[in-house]
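Participant: Quick one, coords-v4.pdb (PDB, N, CA and C atoms):
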```pdb
ATOM      1  N   MET C 136      65.533  24.164  60.004  1.00  0.00           N
ATOM      2  CA  MET C 136      66.054  23.601  61.213  1.00  0.00           C
ATOM      3  C   MET C 136      66.023  22.075  61.168  1.00  0.00           C
ATOM      4  N   GLU C 137      64.943  21.510  60.636  1.00  0.00           N
ATOM      5  CA  GLU C 137      64.826  20.059  60.576  1.00  0.00           C
ATOM      6  C   GLU C 137      65.935  19.454  59.728  1.00  0.00           C
ATOM      7  N   GLN C 138      66.283  20.117  58.627  1.00  0.00           N
ATOM      8  CA  GLN C 138      67.353  19.612  57.771  1.00  0.00           C
ATOM      9  C   GLN C 138      68.695  19.653  58.500  1.00  0.00           C
ATOM     10  N   ARG C 139      68.963  20.726  59.225  1.00  0.00           N
ATOM     11  CA  ARG C 139      70.222  20.815  59.982  1.00  0.00           C
ATOM     12  C   ARG C 139      70.288  19.727  61.046  1.00  0.00           C
ATOM     13  N   LEU C 140      69.183  19.486  61.713  1.00  0.00           N
ATOM     14  CA  LEU C 140      69.124  18.442  62.733  1.00  0.00           C
ATOM     15  C   LEU C 140      69.407  17.074  62.113  1.00  0.00           C
ATOM     16  N   ALA C 141      68.775  16.785  60.992  1.00  0.00           N
ATOM     17  CA  ALA C 141      68.986  15.502  60.324  1.00  0.00           C
ATOM     18  C   ALA C 141      70.426  15.344  59.859  1.00  0.00           C
ATOM     19  N   GLN C 142      71.009  16.410  59.316  1.00  0.00           N
ATOM     20  CA  GLN C 142      72.398  16.345  58.866  1.00  0.00           C
ATOM     21  C   GLN C 142      73.345  16.124  60.041  1.00  0.00           C
ATOM     22  N   SER C 143      73.087  16.775  61.148  1.00  0.00           N
ATOM     23  CA  SER C 143      73.928  16.590  62.333  1.00  0.00           C
ATOM     24  C   SER C 143      73.846  15.156  62.834  1.00  0.00           C
ATOM     25  N   ASN C 144      72.633  14.632  62.918  1.00  0.00           N
ATOM     26  CA  ASN C 144      72.473  13.246  63.357  1.00  0.00           C
ATOM     27  C   ASN C 144      73.103  12.277  62.359  1.00  0.00           C
ATOM     28  N   GLY C 145      72.905  12.531  61.085  1.00  0.00           N
ATOM     29  CA  GLY C 145      73.436  11.641  60.058  1.00  0.00           C
ATOM     30  C   GLY C 145      74.946  11.650  59.980  1.00  0.00           C
ATOM     31  N   GLY C 146      75.572  12.776  60.320  1.00  0.00           N
ATOM     32  CA  GLY C 146      77.025  12.888  60.245  1.00  0.00           C
ATOM     33  C   GLY C 146      77.735  12.444  61.506  1.00  0.00           C
ATOM     34  N   SER C 147      76.982  12.093  62.519  1.00  0.00           N
ATOM     35  CA  SER C 147      77.586  11.686  63.784  1.00  0.00           C
ATOM     36  C   SER C 147      78.197  10.300  63.664  1.00  0.00           C
ATOM     37  N   ARG C 148      79.282  10.083  64.383  1.00  0.00           N
ATOM     38  CA  ARG C 148      79.934   8.774  64.378  1.00  0.00           C
ATOM     39  C   ARG C 148      79.394   7.865  65.493  1.00  0.00           C
ATOM     40  N   VAL C 149      78.466   8.358  66.244  1.00  0.00           N
ATOM     41  CA  VAL C 149      77.858   7.555  67.307  1.00  0.00           C
ATOM     42  C   VAL C 149      76.349   7.540  67.096  1.00  0.00           C
ATOM     43  N   LEU C 150      75.692   6.598  67.742  1.00  0.00           N
ATOM     44  CA  LEU C 150      74.245   6.513  67.657  1.00  0.00           C
ATOM     45  C   LEU C 150      73.612   7.770  68.238  1.00  0.00           C
ATOM     46  N   THR C 151      72.684   8.374  67.520  1.00  0.00           N
ATOM     47  CA  THR C 151      71.998   9.567  68.006  1.00  0.00           C
ATOM     48  C   THR C 151      70.509   9.399  67.785  1.00  0.00           C
ATOM     49  N   PHE C 152      69.744  10.091  68.592  1.00  0.00           N
ATOM     50  CA  PHE C 152      68.301  10.068  68.423  1.00  0.00           C
ATOM     51  C   PHE C 152      67.710  11.295  69.101  1.00  0.00           C
ATOM     52  N   MET C 153      66.877  12.012  68.387  1.00  0.00           N
ATOM     53  CA  MET C 153      66.088  13.076  68.982  1.00  0.00           C
ATOM     54  C   MET C 153      64.699  12.943  68.401  1.00  0.00           C
ATOM     55  N   HIS C 154      63.760  12.703  69.267  1.00  0.00           N
ATOM     56  CA  HIS C 154      62.394  12.553  68.798  1.00  0.00           C
ATOM     57  C   HIS C 154      61.924  13.879  68.219  1.00  0.00           C
ATOM     58  N   VAL C 155      61.177  13.816  67.138  1.00  0.00           N
ATOM     59  CA  VAL C 155      60.714  15.014  66.442  1.00  0.00           C
ATOM     60  C   VAL C 155      59.895  15.918  67.372  1.00  0.00           C
ATOM     61  N   ASP C 156      59.233  15.353  68.367  1.00  0.00           N
ATOM     62  CA  ASP C 156      58.454  16.169  69.315  1.00  0.00           C
ATOM     63  C   ASP C 156      59.320  17.166  70.078  1.00  0.00           C
ATOM     64  N   HIS C 157      60.582  16.842  70.270  1.00  0.00           N
ATOM     65  CA  HIS C 157      61.477  17.718  71.028  1.00  0.00           C
ATOM     66  C   HIS C 157      62.176  18.737  70.143  1.00  0.00           C
ATOM     67  N   ALA C 158      62.150  18.520  68.853  1.00  0.00           N
ATOM     68  CA  ALA C 158      62.914  19.363  67.939  1.00  0.00           C
ATOM     69  C   ALA C 158      62.061  20.365  67.164  1.00  0.00           C
ATOM     70  N   THR C 159      60.755  20.174  67.145  1.00  0.00           N
ATOM     71  CA  THR C 159      59.899  21.020  66.315  1.00  0.00           C
ATOM     72  C   THR C 159      58.641  21.437  67.073  1.00  0.00           C
ATOM     73  N   PRO C 160      57.956  22.475  66.588  1.00  0.00           N
ATOM     74  CA  PRO C 160      56.676  22.860  67.191  1.00  0.00           C
ATOM     75  C   PRO C 160      55.654  21.722  67.059  1.00  0.00           C
ATOM     76  N   PRO C 161      54.670  21.675  67.943  1.00  0.00           N
ATOM     77  CA  PRO C 161      53.687  20.580  67.930  1.00  0.00           C
ATOM     78  C   PRO C 161      52.982  20.361  66.589  1.00  0.00           C
ATOM     79  N   ALA C 162      52.633  21.412  65.885  1.00  0.00           N
ATOM     80  CA  ALA C 162      51.927  21.227  64.611  1.00  0.00           C
ATOM     81  C   ALA C 162      52.784  20.432  63.622  1.00  0.00           C
ATOM     82  N   ILE C 163      54.087  20.694  63.615  1.00  0.00           N
ATOM     83  CA  ILE C 163      54.985  19.986  62.694  1.00  0.00           C
ATOM     84  C   ILE C 163      55.220  18.560  63.176  1.00  0.00           C
ATOM     85  N   SER C 164      55.462  18.386  64.455  1.00  0.00           N
ATOM     86  CA  SER C 164      55.721  17.032  64.965  1.00  0.00           C
ATOM     87  C   SER C 164      54.474  16.159  64.858  1.00  0.00           C
ATOM     88  N   ASP C 165      53.299  16.725  65.063  1.00  0.00           N
ATOM     89  CA  ASP C 165      52.060  15.948  64.899  1.00  0.00           C
ATOM     90  C   ASP C 165      51.905  15.478  63.464  1.00  0.00           C
ATOM     91  N   SER C 166      52.193  16.365  62.537  1.00  0.00           N
ATOM     92  CA  SER C 166      52.109  16.017  61.118  1.00  0.00           C
ATOM     93  C   SER C 166      53.116  14.927  60.775  1.00  0.00           C
ATOM     94  N   SER C 167      54.313  15.044  61.318  1.00  0.00           N
ATOM     95  CA  SER C 167      55.341  14.033  61.079  1.00  0.00           C
ATOM     96  C   SER C 167      54.910  12.678  61.631  1.00  0.00           C
ATOM     97  N   SER C 168      54.374  12.681  62.839  1.00  0.00           N
ATOM     98  CA  SER C 168      53.901  11.426  63.449  1.00  0.00           C
ATOM     99  C   SER C 168      52.769  10.807  62.630  1.00  0.00           C
ATOM    100  N   ASP C 169      51.863  11.648  62.151  1.00  0.00           N
ATOM    101  CA  ASP C 169      50.775  11.157  61.300  1.00  0.00           C
ATOM    102  C   ASP C 169      51.333  10.521  60.031  1.00  0.00           C
ATOM    103  N   GLY C 170      52.348  11.163  59.456  1.00  0.00           N
ATOM    104  CA  GLY C 170      52.966  10.630  58.247  1.00  0.00           C
ATOM    105  C   GLY C 170      53.641   9.298  58.489  1.00  0.00           C
ATOM    106  N   VAL C 171      54.384   9.179  59.580  1.00  0.00           N
ATOM    107  CA  VAL C 171      55.053   7.912  59.906  1.00  0.00           C
ATOM    108  C   VAL C 171      54.014   6.807  60.080  1.00  0.00           C
ATOM    109  N   GLN C 172      52.958   7.110  60.795  1.00  0.00           N
ATOM    110  CA  GLN C 172      51.907   6.111  60.998  1.00  0.00           C
ATOM    111  C   GLN C 172      51.253   5.719  59.671  1.00  0.00           C
ATOM    112  N   GLY C 173      51.056   6.714  58.796  1.00  0.00           N
ATOM    113  CA  GLY C 173      50.479   6.429  57.488  1.00  0.00           C
ATOM    114  C   GLY C 173      51.361   5.515  56.659  1.00  0.00           C
ATOM    115  N   VAL C 174      52.677   5.751  56.709  1.00  0.00           N
ATOM    116  CA  VAL C 174      53.611   4.897  55.965  1.00  0.00           C
ATOM    117  C   VAL C 174      53.602   3.486  56.546  1.00  0.00           C
ATOM    118  N   LEU C 175      53.667   3.372  57.869  1.00  0.00           N
ATOM    119  CA  LEU C 175      53.670   2.058  58.500  1.00  0.00           C
ATOM    120  C   LEU C 175      52.387   1.284  58.214  1.00  0.00           C
ATOM    121  N   ALA C 176      51.270   1.995  58.083  1.00  0.00           N
ATOM    122  CA  ALA C 176      49.986   1.344  57.799  1.00  0.00           C
ATOM    123  C   ALA C 176      49.797   1.066  56.308  1.00  0.00           C
ATOM    124  N   GLY C 177      50.709   1.563  55.482  1.00  0.00           N
ATOM    125  CA  GLY C 177      50.587   1.364  54.044  1.00  0.00           C
ATOM    126  C   GLY C 177      49.605   2.311  53.386  1.00  0.00           C
ATOM    127  N   ALA C 178      49.195   3.360  54.107  1.00  0.00           N
ATOM    128  CA  ALA C 178      48.213   4.308  53.576  1.00  0.00           C
ATOM    129  C   ALA C 178      48.848   5.401  52.730  1.00  0.00           C
ATOM    130  N   MET C 179      50.167   5.588  52.857  1.00  0.00           N
ATOM    131  CA  MET C 179      50.860   6.602  52.051  1.00  0.00           C
ATOM    132  C   MET C 179      52.313   6.189  51.876  1.00  0.00           C
ATOM    133  N   SER C 180      52.940   6.797  50.886  1.00  0.00           N
ATOM    134  CA  SER C 180      54.353   6.530  50.626  1.00  0.00           C
ATOM    135  C   SER C 180      55.213   7.417  51.532  1.00  0.00           C
ATOM    136  N   PRO C 181      56.484   7.074  51.696  1.00  0.00           N
ATOM    137  CA  PRO C 181      57.366   7.961  52.456  1.00  0.00           C
ATOM    138  C   PRO C 181      57.427   9.364  51.853  1.00  0.00           C
ATOM    139  N   GLU C 182      57.368   9.440  50.537  1.00  0.00           N
ATOM    140  CA  GLU C 182      57.394  10.747  49.874  1.00  0.00           C
ATOM    141  C   GLU C 182      56.159  11.573  50.230  1.00  0.00           C
ATOM    142  N   GLU C 183      55.010  10.914  50.258  1.00  0.00           N
ATOM    143  CA  GLU C 183      53.772  11.611  50.627  1.00  0.00           C
ATOM    144  C   GLU C 183      53.831  12.066  52.084  1.00  0.00           C
ATOM    145  N   ALA C 184      54.395  11.238  52.945  1.00  0.00           N
ATOM    146  CA  ALA C 184      54.519  11.609  54.356  1.00  0.00           C
ATOM    147  C   ALA C 184      55.434  12.819  54.518  1.00  0.00           C
ATOM    148  N   MET C 185      56.539  12.828  53.771  1.00  0.00           N
ATOM    149  CA  MET C 185      57.461  13.965  53.860  1.00  0.00           C
ATOM    150  C   MET C 185      56.805  15.234  53.334  1.00  0.00           C
ATOM    151  N   THR C 186      56.053  15.120  52.268  1.00  0.00           N
ATOM    152  CA  THR C 186      55.345  16.276  51.722  1.00  0.00           C
ATOM    153  C   THR C 186      54.340  16.821  52.738  1.00  0.00           C
ATOM    154  N   LEU C 187      53.643  15.928  53.419  1.00  0.00           N
ATOM    155  CA  LEU C 187      52.704  16.335  54.463  1.00  0.00           C
ATOM    156  C   LEU C 187      53.413  17.162  55.540  1.00  0.00           C
ATOM    157  N   THR C 188      54.557  16.666  55.999  1.00  0.00           N
ATOM    158  CA  THR C 188      55.316  17.367  57.036  1.00  0.00           C
ATOM    159  C   THR C 188      55.892  18.671  56.513  1.00  0.00           C
ATOM    160  N   GLU C 189      56.434  18.652  55.302  1.00  0.00           N
ATOM    161  CA  GLU C 189      56.984  19.878  54.706  1.00  0.00           C
ATOM    162  C   GLU C 189      55.916  20.955  54.575  1.00  0.00           C
ATOM    163  N   ASN C 190      54.742  20.574  54.107  1.00  0.00           N
ATOM    164  CA  ASN C 190      53.664  21.548  53.936  1.00  0.00           C
ATOM    165  C   ASN C 190      53.260  22.167  55.275  1.00  0.00           C
ATOM    166  N   GLU C 191      53.233  21.346  56.318  1.00  0.00           N
ATOM    167  CA  GLU C 191      52.898  21.869  57.645  1.00  0.00           C
ATOM    168  C   GLU C 191      53.996  22.800  58.150  1.00  0.00           C
ATOM    169  N   ALA C 192      55.244  22.439  57.910  1.00  0.00           N
ATOM    170  CA  ALA C 192      56.357  23.300  58.318  1.00  0.00           C
ATOM    171  C   ALA C 192      56.289  24.643  57.599  1.00  0.00           C
ATOM    172  N   ILE C 193      55.954  24.625  56.330  1.00  0.00           N
ATOM    173  CA  ILE C 193      55.822  25.877  55.573  1.00  0.00           C
ATOM    174  C   ILE C 193      54.668  26.708  56.128  1.00  0.00           C
ATOM    175  N   ARG C 194      53.562  26.041  56.454  1.00  0.00           N
ATOM    176  CA  ARG C 194      52.422  26.753  57.015  1.00  0.00           C
ATOM    177  C   ARG C 194      52.782  27.415  58.361  1.00  0.00           C
ATOM    178  N   VAL C 195      53.534  26.683  59.184  1.00  0.00           N
ATOM    179  CA  VAL C 195      53.873  27.187  60.516  1.00  0.00           C
ATOM    180  C   VAL C 195      54.997  28.225  60.464  1.00  0.00           C
ATOM    181  N   ARG C 196      56.046  27.940  59.689  1.00  0.00           N
ATOM    182  CA  ARG C 196      57.246  28.784  59.704  1.00  0.00           C
ATOM    183  C   ARG C 196      57.420  29.668  58.487  1.00  0.00           C
ATOM    184  N   GLY C 197      56.722  29.340  57.414  1.00  0.00           N
ATOM    185  CA  GLY C 197      56.949  30.046  56.160  1.00  0.00           C
ATOM    186  C   GLY C 197      57.993  29.316  55.348  1.00  0.00           C
ATOM    187  N   LYS C 198      58.051  29.622  54.070  1.00  0.00           N
ATOM    188  CA  LYS C 198      58.996  28.948  53.167  1.00  0.00           C
ATOM    189  C   LYS C 198      60.412  29.372  53.520  1.00  0.00           C
ATOM    190  N   ILE C 199      61.288  28.379  53.584  1.00  0.00           N
ATOM    191  CA  ILE C 199      62.708  28.655  53.903  1.00  0.00           C
ATOM    192  C   ILE C 199      63.528  28.509  52.648  1.00  0.00           C
TER     193      ILE C 199
END
```
Rewrite the structure of this file - the entire thing - as structure tokens.

Facilitator:
Amino acid sequence: MEQRLAQSNGGSRVLTFMHVDHATPPAISDSSSDGVQGVLAGAMSPEEAMTLTENEAIRVRGKI
């Protein structure tokens, strides 16, 4: 679902925004927020943050 949401936003010809808290279950959005904060603080790379969120999504929803 997250990939479809990102593709829809990315393909739009107008400015779009949906906060991750509104699009995903709390466990996934919390992990995503933690990852963003980690990247902004220089504590992890964007790739590490994405892996953190992906792993949580797999834990919550199962492998897609």

Participant: Atom N of C:Pro160 and atom N of C:Ile193, how far apart in Å?

Facilitator: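 Computed distance, atom N of C:Ile193 to atom N of C:Pro160, equals 10.7 Å.
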
Participant: Nearest residue to C:Asp165 out of C:Thr188, C:Gly177, C:Glu183, C:Ser143, using only N, CA and C atoms?

Facilitator: C:Thr188

Participant: So what do you get for atom CA of C:Asp169 versus atom C of C:Ala192, distance-wise?

Facilitator: 15.0 Å

Participant: Just how far from atom C of C:Val174 is atom C of C:Arg194, in Å to one decimal?

Facilitator: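 Result for atom C of C:Arg194 versus atom C of C:Val174: 24.0 Å, one decimal.
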
Participant: Care to translate the PyMOL selection byres ((chain C and resi 167) around 8) into actual residues of this file, as a ChimeraX atom specification?

Facilitator: /C:155,161-166,168-173,184-185,187-189,191

Participant: Taking all atoms of stretch 163-182 of chain C that appear in the file, build a box with edges along x, y and z, extend it by 5 Å on every side, and state its centre and edge lengths in Å to one decimal, as AutoDock Vina command-line options.

Facilitator:
```
--center_x 52.8 --center_y 10.9 --center_z 57.5 --size_x 19.2 --size_y 29.6 --size_z 25.2
```

Participant: Would you fill the gaps in stretch 162-176 of chain C so it has N, CA, C and O atoms, then print it as an mmCIF file, in the frame of the given file?

Facilitator:
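Output below, filename result.cif:
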```cif
data_model
loop_
_atom_site.group_PDB
_atom_site.id
_atom_site.type_symbol
_atom_site.label_atom_id
_atom_site.label_comp_id
_atom_site.auth_asym_id
_atom_site.auth_seq_id
_atom_site.Cartn_x
_atom_site.Cartn_y
_atom_site.Cartn_z
ATOM 1 N N ALA C 162 52.633 21.412 65.885
ATOM 2 C CA ALA C 162 51.927 21.227 64.611
ATOM 3 C C ALA C 162 52.784 20.432 63.622
ATOM 4 O O ALA C 162 52.276 19.571 62.898
ATOM 5 N N ILE C 163 54.087 20.694 63.615
ATOM 6 C CA ILE C 163 54.985 19.986 62.694
ATOM 7 C C ILE C 163 55.220 18.560 63.176
ATOM 8 O O ILE C 163 55.153 17.617 62.393
ATOM 9 N N SER C 164 55.462 18.386 64.455
ATOM 10 C CA SER C 164 55.721 17.032 64.965
ATOM 11 C C SER C 164 54.474 16.159 64.858
ATOM 12 O O SER C 164 54.577 14.963 64.574
ATOM 13 N N ASP C 165 53.299 16.725 65.063
ATOM 14 C CA ASP C 165 52.060 15.948 64.899
ATOM 15 C C ASP C 165 51.905 15.478 63.464
ATOM 16 O O ASP C 165 51.551 14.319 63.211
ATOM 17 N N SER C 166 52.193 16.365 62.537
ATOM 18 C CA SER C 166 52.109 16.017 61.118
ATOM 19 C C SER C 166 53.116 14.927 60.775
ATOM 20 O O SER C 166 52.804 13.979 60.046
ATOM 21 N N SER C 167 54.313 15.044 61.318
ATOM 22 C CA SER C 167 55.341 14.033 61.079
ATOM 23 C C SER C 167 54.910 12.678 61.631
ATOM 24 O O SER C 167 55.045 11.650 60.965
ATOM 25 N N SER C 168 54.374 12.681 62.839
ATOM 26 C CA SER C 168 53.901 11.426 63.449
ATOM 27 C C SER C 168 52.769 10.807 62.630
ATOM 28 O O SER C 168 52.726 9.593 62.426
ATOM 29 N N ASP C 169 51.863 11.648 62.151
ATOM 30 C CA ASP C 169 50.775 11.157 61.300
ATOM 31 C C ASP C 169 51.333 10.521 60.031
ATOM 32 O O ASP C 169 50.860 9.473 59.581
ATOM 33 N N GLY C 170 52.348 11.163 59.456
ATOM 34 C CA GLY C 170 52.966 10.630 58.247
ATOM 35 C C GLY C 170 53.641 9.298 58.489
ATOM 36 O O GLY C 170 53.495 8.359 57.695
ATOM 37 N N VAL C 171 54.384 9.179 59.580
ATOM 38 C CA VAL C 171 55.053 7.912 59.906
ATOM 39 C C VAL C 171 54.014 6.807 60.080
ATOM 40 O O VAL C 171 54.174 5.703 59.558
ATOM 41 N N GLN C 172 52.958 7.110 60.795
ATOM 42 C CA GLN C 172 51.907 6.111 60.998
ATOM 43 C C GLN C 172 51.253 5.719 59.671
ATOM 44 O O GLN C 172 50.938 4.546 59.437
ATOM 45 N N GLY C 173 51.056 6.714 58.796
ATOM 46 C CA GLY C 173 50.479 6.429 57.488
ATOM 47 C C GLY C 173 51.361 5.515 56.659
ATOM 48 O O GLY C 173 50.875 4.603 55.984
ATOM 49 N N VAL C 174 52.677 5.751 56.709
ATOM 50 C CA VAL C 174 53.611 4.897 55.965
ATOM 51 C C VAL C 174 53.602 3.486 56.546
ATOM 52 O O VAL C 174 53.529 2.496 55.808
ATOM 53 N N LEU C 175 53.667 3.372 57.869
ATOM 54 C CA LEU C 175 53.670 2.058 58.500
ATOM 55 C C LEU C 175 52.387 1.284 58.214
ATOM 56 O O LEU C 175 52.413 0.061 58.087
ATOM 57 N N ALA C 176 51.270 1.995 58.083
ATOM 58 C CA ALA C 176 49.986 1.344 57.799
ATOM 59 C C ALA C 176 49.797 1.066 56.308
ATOM 60 O O ALA C 176 48.832 0.411 55.925
#
```
